[in-house]
Amino acid sequence: MGHPIKVLLAKPGLDGHSRGVHVVNRALVDAGMEVVYLGLRKEPAEIARAAIEEDVDVVGLSILSGAHMQLVPATLKALAEMGGADIPVVVGGVIPEDDAEELVRMGVAAAFHPGDTLLRVVEGVRTAAARRHAER
Amino acid sequence: MKREVPRSKDGRLLQSESGIQLKPFYEATDAPGHSDRPGDYPFTRGISPDMYRSEMWHIDMYAGFGNAEEARARYEFLLEQGASGVNIAMDLPTQLGYDSDHELAKGEVGRVGLAVDSLQDLQDVFQNTRLDQAKIVFTVANGIGPLALAWFMTVGDKQGVRREDYVIHLQNDPLKEYTGRGAYVLPLDPSLKLACDVIEFAARKGYRHWKPVGICGSQFRWGGSNAVQEVAFGLCEAITYIETLLARGLDVDSFAPMLELHLTTDIDLFEEVAKFRAVRRVWARLLKERYGARDPASCQLKISLYTAGYRLTKQEPLNNSVRITVQALAAILGGAQHIGTLSIDEALSTPSEESVRLALRTQQILAHEARVGHVADPLGGSFMVESLTNAVEEQIWVYIKEVDAMGGALQAIRNGYFQRYVDDGAYQHEKDVESGDRVVVGLNRFVDRRLIANSGIKPFKIRPQVEERQIERLKALRASRNPVEVGAALKALRDSARKGENVIEPLTRAVSAYATCGEIYDVFREVHGTYKDEKITL
C-alpha cells in the first residue's frame with residue numbers, strides 16, 4: 001500500500017465535545033496519515049457518503065453522549081447500504097466495556113477508551129486499514 | 001521549542017500546571033505590597049469581608065437524566081442530602097432546541113440529561129417541590145437561555161411562588177459553545193442577542209438576586225487550554241456581553257452585579273487559588289476603570305464552577321475521589337460562590353446515586369470537618385500565592401489586549417484564536433502524558449497491573465424505554481393543547497423576533513401555552529438561521 005492511510009473523522013449525533021477528536025486528528029496527521037475531519041452533528045448517512053466519496057481507508061467516530069449503541073450501528077448500516085461495507089470503522093469516546101464488546105461483535109474494527117494512548121489509537125487505525133487492504 | 005524546566009531529584013517537573021516556573025521557596029520580596037482585605041476593591045482576597053460566614057458557598061450538583069420522574073427522584077435525593085438547589089442537566093436534544101421525536105434526537109433522548117419538551121416536563125419535575133423550597137434552580141441552557149428562563153419563571157408563577165423568593169441561575173452563554181462544547185443553535189450574533197435579552201429582562205425587572213448568565217472560561221480549560229487562558233478568554237467573552245448590554249442603553253450597575261463567571265477548579269492547588277484571586281482583581285479593574293461601574297457589587301466577581309472532569313481517570317476510579325477533593329479545596333480556598341463536585345465514575349457514565357452522594361459529602365466534609373471555609377482568603381499573604389496571583393494577572397492582561405486588538409471575542413471565535421490555544425494545549429497534554437512528563441497516577445505511573453478495565457464500578461445506564469416514553473408524553477401533550485392559542489403565541493414570538501425586540505415576554509406566553517422546545521426554536525432558526533451559517537475557522 002503506497003499511499004498514506006486516509007481517515008475520515010466525524011462526530012455523529014448531538015454531542016459537541018471535540019477535544020478528543022481534535023487530538024486524534026493531530027496524532028494521525030503526525031503519524032503520516034491524511035485526515036478529513038467532517039465536524040460535529042453529522043448524520044450516519046452523511047458520514048457514510050463522505051467516507052465513500054473521499055475513498056477513505058478508515059472511518060473514526062467520536063461519541064461522548066452515550067448514544068453510541070444507536071449511532072454506530074446506524075453508521076455501519078449506512079456504509080453497507082452505500083457500498084462501503086468494507087471500510088473499517090473505529091470508535092472512541094465514553095463507551096462502557098460491555099457496549100464496546102457488543103460493537104466489535106457488530107463489526108466495529110476497534111473501540112478506544114479514555115486513557116488509551118495516541119500510539120494505541122494510531123496503531124489501531126493502521127491495523128484496521130491494513131486488514132481492509134488485505135481483504136480487498 | 002520547550003525550554004528546559006528544572007526537575008526535582010526524583011524527576012518531578014518544577015513548574016505549575018500552566019507552566020509558571022516555581023521557586024524552591026518564596027519570601028516577602030516575591031510579593032511586594034499587597035495588604036488589601038477581603039471585601040475591599042479590587043477584591044483579590046474575596047468579594048466580601050466575611051465570605052462564607054454570612055454566605056456559604058452553594059453546593060451545586062449538576063444532575064439529570066431520563067424522564068421527569070427519574071430526574072425528580074434524583075433532585076429530591078440531592079436536596080435531602082444537602083445540595084443547595086436543583087441543578088438540571090438537560091439532554092442534548094433539549095439543549096439544541098429539538099423535540100424528543102426529532103430525527104436528530106434518535107438515541108440521544110434523556111442521556112446526558114433530562115428530556116424537556118415543554119413546560120409540562122418541568123412542572124412534573126417540581127411536582128413535589130415548590131421553587132421557594134428548592135431556592136435555586138440552575139440549568140446550563142446555553143443555546144436555549146431565553147427558553148429556560150421562561151420555563152422556570154412559568155413553573156414558579158403557576159405554583160404561586162413569587163419571583164423574589166427563588167433564584168433562577170442560568171449559564172446562558174452561547175458564545176462559548178463555539179469553542180469546544182458544540183451545543184450551539186443559531187449563528188453568533190443572534191445567539192448573543194438572545195442571551196442578552198435574558199440579562200436585560202432580569203435587569204429591567206430588578207431581579208437582582210437572579211443570575212441570568214454565567215460567562216464561561218471553563219470549556220476552554222476542558223478543551224485543553226491552561227488556567228490562565230481559561231480565565232483570560234472567559235473575561236474576553238464577558239467584555240463582549242457587557243459591551244452588548246451597554247449598547248442597549250443599560251447602566252452598567254443595573255446588570256453587572258448579576259453577572260458571574262463560570263470556571264473550573266483543578267488539582268494544582270496553589271495555581272488554582274492564584275487564578276481565582278487574579279481573575280477577581282482583573283474583573284474589578286475592568287468594571288471600574290473601563291466601564292465606570294460605581295456600585296461595588298458590579299466589581300465583585302461571583303464565581304461559579306465545577307471540578308475539572310478531564311482530570312479524572314477511568315483507571316482506578318476511586319483515585320478520582322482524591323482528585324475531586326483537592327479540586328474542591330482549591331475552589332473553597334479560592335473563594336468561589338457555587339461549587340459543583342463531579343463524581344468518581346464520570347469517565348464511565350452518568351453518575352450513580354452512590355458516587356454523586358460521595359461528591360456531595362466531599363464538600364460537606366471540607367466545610368464542617370476540615371473547617372476550610374471559616375476564614376476568608378486563608379492563603380492571603382502567602383508569599384507563593386501572592387506571587388503566583390501577580391504572575392497570573394499579568395498574563396491575563398496580555399491575552400485581553402490581544403483579543404481587544406483583533407476586535408473582541410466574536411472575532412477571536414471566528415478566526416479560531418481561542419480554538420488554537422485549546423487544541424495546542426490538548427495535544428501537548430496528551431503527548432506529555434504519553435512521554436511521562438505529565439504523571440497521571442494509576443494510568444502512566446503507579447499502576448496496578450492486576451486491575452482489569454472497569455475496576456468493579458458498574459456504569460450507570462439509563463433505562464432503554466426513556467426515549468419511547470418521552471415521545472408518547474410529547475404526543476399526548478400536543479393532543480391536549482389548544483392549537484389556536486399555541487399558533488397565535490408562536491406567531492407573536494416570530495413577529496417579535498423579526499423586529500429584533502426583547503423576546504422574553506412573547507416567549508413566556510408561548511411557554512405558558514405549552515409550545516414545545518422544538519416549535520419555539522424552529523421560530524428562532526427560521527428568523528435567524530442556524531449555526532451552520534456561521535463561518536468559523538477551525
# chains A, B, ... in the order shown; residues from 1 in each chain; ligands from 1
>>> closest_atom_pairs(of="chain A", to="chain B", cutoff="6 Å", atoms="only C-alpha atoms", output="Markdown table")
| residue | atom | partner | partner_atom | distance |
| --- | --- | --- | --- | --- |
| A:Gly16 | CA | B:Gly182 | CA | 4.0 |
| A:His17 | CA | B:Arg181 | CA | 4.7 |
| A:Ser18 | CA | B:Gly180 | CA | 5.5 |
| A:Arg19 | CA | B:Gly223 | CA | 5.2 |
| A:Val23 | CA | B:Tyr427 | CA | 5.3 |
| A:Ala67 | CA | B:Gly107 | CA | 5.1 |
| A:Gln70 | CA | B:Gly107 | CA | 5.3 |
>>> residues_around(residues="segment 41-47 of chain B", least_positions_apart="5", cutoff="6 Å", atoms="only C-alpha atoms", output="NGL selection string")
:B and (277 or 280-281 or 284 or 300 or 335 or 377)
>>> select_by_dssp(residues="segment 20-53 of chain A", states="strand (DSSP E or B)", output="PyMOL selection string")
chain A and resi 34-37+42
>>> write_last_selection(atoms="C-alpha atoms", output="CSV table (one decimal), in the first residue's frame")
chain,number,residue,atom,x,y,z
A,34,GLU,CA,-4.3,12.0,5.8
A,35,VAL,CA,-7.3,13.1,7.8
A,36,VAL,CA,-10.6,14.5,6.6
A,37,TYR,CA,-12.5,15.9,9.6
A,42,LYS,CA,-23.2,14.6,11.4
>>> residues_around(residues="Gly107 of chain A", least_positions_apart="5", cutoff="10 Å", atoms="only C-alpha atoms", output="ChimeraX atom specification")
/A:72-73,76,85,88-90,102
>>> write_last_selection(atoms="C-alpha atoms", output="mmCIF file, in the first residue's frame")
data_model
loop_
_atom_site.group_PDB
_atom_site.id
_atom_site.type_symbol
_atom_site.label_atom_id
_atom_site.label_comp_id
_atom_site.auth_asym_id
_atom_site.auth_seq_id
_atom_site.Cartn_x
_atom_site.Cartn_y
_atom_site.Cartn_z
ATOM 1 C CA VAL A 72 -22.607 3.346 15.499
ATOM 2 C CA PRO A 73 -24.855 0.598 14.115
ATOM 3 C CA LEU A 76 -22.341 0.716 9.819
ATOM 4 C CA ALA A 85 -19.215 -2.215 3.944
ATOM 5 C CA PRO A 88 -13.466 -0.367 8.741
ATOM 6 C CA VAL A 89 -14.982 1.770 11.489
ATOM 7 C CA VAL A 90 -13.241 2.577 14.752
ATOM 8 C CA GLU A 102 -21.023 -5.608 21.533
#
>>> residues_around(residues="Ile47 of chain A", least_positions_apart="5", cutoff="8 Å", atoms="only C-alpha atoms", output="number ranges by chain")
A: 10, 12, 38, 42, 75
>>> atom_distance(atom1="atom CA of Ala111 of chain A", atom2="atom CA of Gln419 of chain B")
26.8 Å
>>> closest_residue(among="A:Leu119, A:Ala134, A:Ile95, A:Val59", to="Asp30 of chain A", atoms="only C-alpha atoms")
A:Leu119
>>> atom_distance(atom1="atom CA of Thr307 of chain B", atom2="atom CA of Ile267 of chain B")
8.8 Å
>>> select_by_dssp(residues="segment 39-257 of chain B", states="alpha helix (DSSP H)", output="VMD selection string")
chain B and resid 68 to 80 92 to 95 119 to 125 131 to 134 145 to 159 188 to 205 218 to 223 227 to 247 252 to 255
>>> atom_distance(atom1="atom CA of Arg478 of chain B", atom2="atom CA of Leu507 of chain B")
17.8 Å
>>> closest_residue(among="B:Arg525, B:Arg323, B:His58, B:Lys535", to="Gln411 of chain B", atoms="only C-alpha atoms")
B:Lys535
>>> closest_residue(among="A:Lys77, A:His133, A:Arg26, A:His113", to="Leu64 of chain A", atoms="only C-alpha atoms")
A:His113
